[in-house]
Structures are given as structure tokens and as C-alpha cells.
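J.: Take a look at the following structure, please.
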Amino acid sequence: MFDILRESTVGGLLNRVSGGRILPFPDQRPDFVIPAKYLATSSMASTSSSSSPSANLTRVNSHETAVNTPKNAQSDLPAPVSEKMTGLEVSKFDTMQTQTESSLEAGPEVTAEKAEFDTKGFVLVDWYGDDDPENPRNWSFRKRSFVLAQIMLLTFSVYIGSAIYTASTFLIMEEFNVSEVVATLGLSLFIEGYAIGPMLLSPLQELPSIGRNPPYIITLILFALLQIPTALSKNIGTLLALRFITGFLGSPALATGGASVGDIFPQHHVPYTIGLWAMGAVAGPVMGPIVGGFAAAAKGWRWPLWELAWISGFSAVFLSFFFPETLGDTILLKRAQRLRKLTGNENLRSMSEIKQAEMTPSAVAVEYLVRPFQLMMEPVVLFLNLYLGLAYAVFYLWFEAFPIVFVDIYHFQGGIAGLPFIGILVGAIVSYTFYVLYLKYYLFPRFGRIASQGEQPQQEEWLRLAIIAGTMIPISLLVFGWTSRPDGSVHWIFPIIGAGMYMPGIYLLFQSILVYLPVSYPNYVASILAGNDLMRSSVAAAFPLFGRAFFKALGVGPGSSLLAGVAALMLPVLYTLYRYGSRLREMSKFAQ
């Protein structure tokens, strides 16, 4: 618990203000013995640099630490955890596995041993060996699980804000005397806010000088505080403007949560833990109509927003005290700063400091603002982004279709009208269970067999699951649409089952495509994911605006059939991409 408090936002502030006396790091304690390497002068560093071809990548390894640091200097540190891959150590597969799992929004890991980078004569501050307890991937399983639970809480606290509003739509129409389309803008603008947000906020979380935590905590605090004026809005303009701003502020949790998961778990665990984190993202929108529905029915349209303030406010306080920094480059940068202060040796630098010093504002602007749009024009990227956008948009159409079916047809009232969303949550749990079994017993063993034959698995192998998932989407829409009989002659459980069948489609589609794209474009992971989020969320933001009119004009059955037909037409293109995707990648100047 001590190390979690020390590494949290509040703990870091206390440590900084007290000059290291409160919640000290090991190198701030009186019994810390400075490794001799870090006491080297600049001339020694330069001499060392010229005497060995590998000296430019100098690091303190576990042997040097053992020699220079007595046991009592590290007696209060947690025991190091040694992680070893089992069953996946075939070299060809390992290459793809590393690209795949670190690409899940975390980006490729760069270490001093692997990178060919000129350190300009500086002495590198790196991990104290492979078992350094401050390395997030060496944390105990209990600590990593606790941090993962907090990432899920953070994501849930923001994502519930989209759908919790839907329970208030008709009450807002009455309060402000506006049309349904205008009232629904409160949902669409929130979604558009977290579509645009990652383009500006996510790059900050990749900068080692900032790290993951400050954008998370600062934006979450502002998100929670702005729920107060949102709930007190006196006119529709104020309400809609604040909904967009809060969606924008909530975007770091949605865009970078997966990167934080990738920071702390071994690479062979990342697909499983990313899938588990995604459950928190699914639970938010699904629970929103349930939580908000009972509050709106009992207390009016403002109360769901008060609930959102309480949920996000609790999360902001809890994470401020207990959520540690997970970005390894940021941890090493702060270690280098402390060691420079301790030793007076200004030649001590972390690798990220050296690299960041050479970054220009124009290069950063191109990478994070221009590159996503360039990559979105790639045929493969464009199709998959549109496909995910359609799946995501239909997911948000459920929030317009459910009131038509379960209120107008089956006469569910008040908060009870939100309970059918539990079917989608059950579908998500089934989907995750299937995903884990698919990875463990089919995909990873298949990768191993391919690699054992001296071949490298193709990235398109990840699209096998997307094809299976893609078939579930039209099936789900047809079952939901045609069991929702206008006369109520079919039991209400069958539309719920149909809606629940949609979750395996969208969940597994997301998991496979959002692995395939980063693996295919490993040098542009941040740009690929930012562009994907922008396109799919922008499409999803538009659909609720015409959702109710769409189903009222065509009917739930024909309307669902039209959407199912569009989804079915995507499947041959997806299969073509699976078969010939490698050829398309060969023609791209960005893909690998």
C-alpha cells in the first residue's frame, strides 16, 4: 500500500512538496547507496563512450546493483516478480506477439538494450535489472489487479455518462420545449466530444515528461465538477455545450485506458486483460439507462446527472490517492531527476529525456494531428474504420429502439424500461468468456504451430474472429426486429435475447480489428487508434439523432432488416481483406 500511495497523484505532490521526506522513494532514503556508475563525471562518461561500441547504451544492471547496494538498502521494497512466457517462446511468434499485444494502444516498448540511439555521452538511467520492482511489469499480481480494477472504474465512470442521459430525453423536451432531435443532441455531442478529445489529449499521455496520470486525474476532476452546472442548466444551450465539454474531458479514459493496461501486464497477458478492461467500457453505457431511468422517473431529468457527478467524483478522489503512474518512461525520467539532484551529476538522463529533447513541435504536430488523417485514407484502414463505425452506431441506436419496443409495445414504465439492457451486459460476459477460450485454445496454439514450421503468422489471422463476429450482427438485428411485434404477441424476452446476441458481434469485432490495425501499422499505433476513434465515434454520434424517426417510419422489423442488410454486405469485403490483406499491405508506404 505504501508504494501505491507514493506513486499516486496525491502521493507524488506530497513527496515533491516535502522534498522527499514524505513517502520517499528508495533513492531519497538516508540508507540508499548510489551505484558507482551514476557517480561518473562527464569526462568518464565520454571516455566510456569511446572505449566500447555499446557504451552509448550504458545501463545499471542487476549485478551492478547487487554490488553497490547493500541488502538493508532495499529491504523494504516488494519482492521482485519474475515473469516468464510459457508456450509462446517460439521466436517467429514472439515477434508478432510483441507487436500485437504492445500495440493495443500502448505502442511498442523501447528499452536501452534494444534501441540504436545516440545518447550524446550521457549516462543512461534505466531499470535496476530485469527484476526492478519499480518497473510496472514487475509489480505483484495483486497490485496489477488493483490497478486494472481502477482503470475499469475510471472507464466506467466516464462511459456511463453517455447513456445515463437517455433516460432524461423526454423530460428535457418538456422542460425546455424542444424537439426530440434537439434533446437527443445531449447524447450525440457527448459522443462527439470523446471522438475529438483523443486527437488533442492522448498525445500528452505519451510524453514521458507528463505521463498517464496528470491527464487522467485533471480531466476526471473537471469532468466531475462540470456535472454540477450541467445538472443546474437553465436552458438547452448551456446543457448541450456542457455535455460536449464533459465528453471531451472524459476522452483520455476511453482512448488511453488500454495503453495503461498494456503498461503493467506481461505481453502474453495483454489480450486477456485488454478484453477484461473492455468489459468496463461496455458496462458503462449498458448500466446508464438502468441507473438513470429510476432516478429520472423518481426525481426528474436532473438527477441522472447528479448521479454521474457522484460516480465520477468518487472515482476522481479514489484514483487521486491510489492510482499509480504506469508509463515506464515517466517513472525512469523521474528517477533520473532524483538521481541528478542526489549526485549533482548532470550527465544522468533517461532515454526518453534524450529523445524528447530532439523532438520539434512541427514533428509532434505531424505525428499526432496530420498522420491520423493520412492513415485514414488507406483503403484497409478506411474500410475497417467504417465497419467499426457502423457497428458502434447501431449499438447506440439501441438507446432509441428500446423505448419504442419496451415502452410503446410492452408498456414497461419508469426505471423498469431500462432493465432490458441487462441482456446486452449478459451478452458481453458471454463474449469475453468465448474470447478468452478462443485465444487460449485456438489462436495462440495456431500461432505457435505456424512459428514452429519456421514461418511468421500473418496479421490477417486476427481477422478470422472478425468474420465470425460479423455474422452475429445481422443475425442479432433480425432476431430483435422481427420478434418485436407491434401487437406484443411475442414474449418480451425474445427481443432482449436478440439484442444480447449483438454483443458478441461488436465486442469480438472490436477486439480483433483493434489488434489487426496496430499490428499492420506498428510504427503509427497512436495515429491509427486516434483516427479510428475519431471516425467510429463521429459516425456513432450521428445515428441517435435520426434513430427514433428511422424506426417509427419503417417499423422496428423493416428498419432492423435494413441495418442487417448493410452489415451483411460488409462481410464479403471483410473476407476479401482476410484473404488478400497481405497484398494490400505490400502496396502501402505505411503498413508492415
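Just so we're on the same page: first chain in the C-alpha cells is A, next is B, and so on; residues restart at 1 for each chain, and ligands are numbered from 1 in the order they show up.
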Counting only C-alpha atoms, what is within 7 Å of stretch 222-233 of chain A, bar same-chain residues fewer than 3 positions away, as a PyMOL selection string?
T.: chain A and resi 218-219+238-239+242+246+249-250+302+305-306+309+312-313
J.: Applying 10 Å and only C-alpha atoms, which residues near stretch 488-496 of chain A remain after dropping the ones on its own chain fewer than 6 positions away? List them as number ranges by chain.
T.: A: 402, 405-406, 408-411, 419-424, 476-482
J.: The selected residues should be written to file as a compact mmCIF listing (two decimals), in the first residue's frame (atoms: N, CA and C atoms).
T.:
```txt
# COMPACT_ATOMS: atom_id res chain seq x y z
N PHE A 402 -34.96 0.74 -28.02
CA PHE A 402 -35.52 0.09 -26.83
C PHE A 402 -36.77 0.78 -26.29
N VAL A 405 -39.73 -0.29 -28.41
CA VAL A 405 -40.13 -1.69 -28.24
C VAL A 405 -40.68 -1.94 -26.84
N PHE A 406 -39.92 -1.56 -25.82
CA PHE A 406 -40.28 -1.99 -24.47
C PHE A 406 -41.22 -1.01 -23.74
N ASP A 408 -43.41 1.41 -25.77
CA ASP A 408 -44.58 1.55 -26.62
C ASP A 408 -45.30 0.21 -26.85
N ILE A 409 -44.53 -0.87 -27.01
CA ILE A 409 -45.15 -2.17 -27.32
C ILE A 409 -45.44 -2.97 -26.05
N TYR A 410 -44.44 -3.11 -25.18
CA TYR A 410 -44.60 -3.97 -24.00
C TYR A 410 -44.96 -3.18 -22.73
N HIS A 411 -45.03 -1.86 -22.84
CA HIS A 411 -45.54 -0.99 -21.77
C HIS A 411 -44.72 -1.07 -20.47
N LEU A 419 -34.28 -1.93 -17.78
CA LEU A 419 -33.79 -3.26 -17.40
C LEU A 419 -33.48 -4.18 -18.58
N PRO A 420 -34.17 -4.06 -19.74
CA PRO A 420 -33.78 -4.92 -20.87
C PRO A 420 -32.32 -4.78 -21.29
N PHE A 421 -31.65 -3.70 -20.92
CA PHE A 421 -30.23 -3.54 -21.26
C PHE A 421 -29.36 -4.57 -20.54
N ILE A 422 -29.89 -5.21 -19.50
CA ILE A 422 -29.14 -6.26 -18.83
C ILE A 422 -28.83 -7.39 -19.81
N GLY A 423 -29.71 -7.60 -20.77
CA GLY A 423 -29.46 -8.62 -21.79
C GLY A 423 -28.16 -8.37 -22.55
N ILE A 424 -27.87 -7.10 -22.83
CA ILE A 424 -26.63 -6.75 -23.52
C ILE A 424 -25.43 -7.02 -22.62
N SER A 476 -28.41 -10.83 -35.06
CA SER A 476 -28.96 -10.16 -33.88
C SER A 476 -30.03 -9.15 -34.27
N LEU A 477 -29.75 -8.35 -35.30
CA LEU A 477 -30.70 -7.33 -35.73
C LEU A 477 -32.01 -7.95 -36.22
N LEU A 478 -31.90 -9.03 -36.95
CA LEU A 478 -33.11 -9.69 -37.47
C LEU A 478 -33.93 -10.30 -36.34
N VAL A 479 -33.27 -10.95 -35.39
CA VAL A 479 -34.00 -11.54 -34.25
C VAL A 479 -34.68 -10.44 -33.45
N PHE A 480 -33.96 -9.37 -33.15
CA PHE A 480 -34.55 -8.27 -32.38
C PHE A 480 -35.72 -7.64 -33.13
N GLY A 481 -35.49 -7.33 -34.41
CA GLY A 481 -36.51 -6.60 -35.18
C GLY A 481 -37.80 -7.37 -35.37
N TRP A 482 -37.69 -8.65 -35.70
CA TRP A 482 -38.90 -9.40 -36.07
C TRP A 482 -39.55 -10.12 -34.91
```
J.: A:Phe244, A:Arg338, A:Phe265, A:Glu378: which is nearest A:Arg29, counting only C-alpha atoms?
T.: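 Of A:Phe244, A:Arg338, A:Phe265, A:Glu378, the one nearest A:Arg29, counting only C-alpha atoms, is A:Arg338.
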J.: Could you name the residues that touch stretch 467-474 of chain A at 7 Å or less, counting only C-alpha atoms, but leaving out those on the same chain fewer than 4 positions away, as a short mmCIF file (atom, residue, chain, number, x, y, z; two decimals) with C-alpha atoms, in the first residue's frame?
T.:
```cif
data_model
loop_
_atom_site.label_atom_id
_atom_site.label_comp_id
_atom_site.auth_asym_id
_atom_site.auth_seq_id
_atom_site.Cartn_x
_atom_site.Cartn_y
_atom_site.Cartn_z
CA LEU A 463 -9.46 -11.22 -38.84
CA LEU A 478 -33.11 -9.69 -37.47
CA MET A 501 -26.75 -11.52 -29.40
CA TYR A 502 -25.42 -8.21 -30.76
CA PRO A 504 -20.67 -10.98 -29.33
CA GLY A 505 -20.68 -9.29 -32.72
CA ILE A 506 -19.49 -5.84 -31.70
CA LEU A 508 -15.32 -9.58 -30.79
CA LEU A 509 -15.20 -7.31 -33.86
CA ALA A 564 -28.81 -6.11 -41.06
CA GLY A 565 -28.55 -5.96 -44.85
CA ALA A 567 -23.95 -5.22 -42.14
CA ALA A 568 -24.22 -8.38 -44.27
CA LEU A 571 -18.89 -9.38 -44.77
CA LEU A 574 -14.05 -8.32 -44.76
CA TYR A 575 -13.41 -11.83 -46.09
#
```
J.: Here is a test: counting only C-alpha atoms, which residue of A:Val158, A:Ala36, A:Ile475, A:Val519 is nearest to A:Trp310?
T.: A:Val158
J.: Skip stretch 541-548 of chain A itself and residues of its chain fewer than 4 positions away, then list as an NGL selection string all residues within 7 Å of it, counting only C-alpha atoms.
T.: :A and (181 or 184-185 or 188-189 or 191-192 or 393 or 396-397 or 400-401 or 537 or 552)
J.: Would you mind writing down, as a PyMOL selection string, each residue of stretch 115-265 of chain A that DSSP on the backbone assigns to alpha helix (DSSP H)?
T.: chain A and resi 141-163+169-176+180-205+213-231+236-264
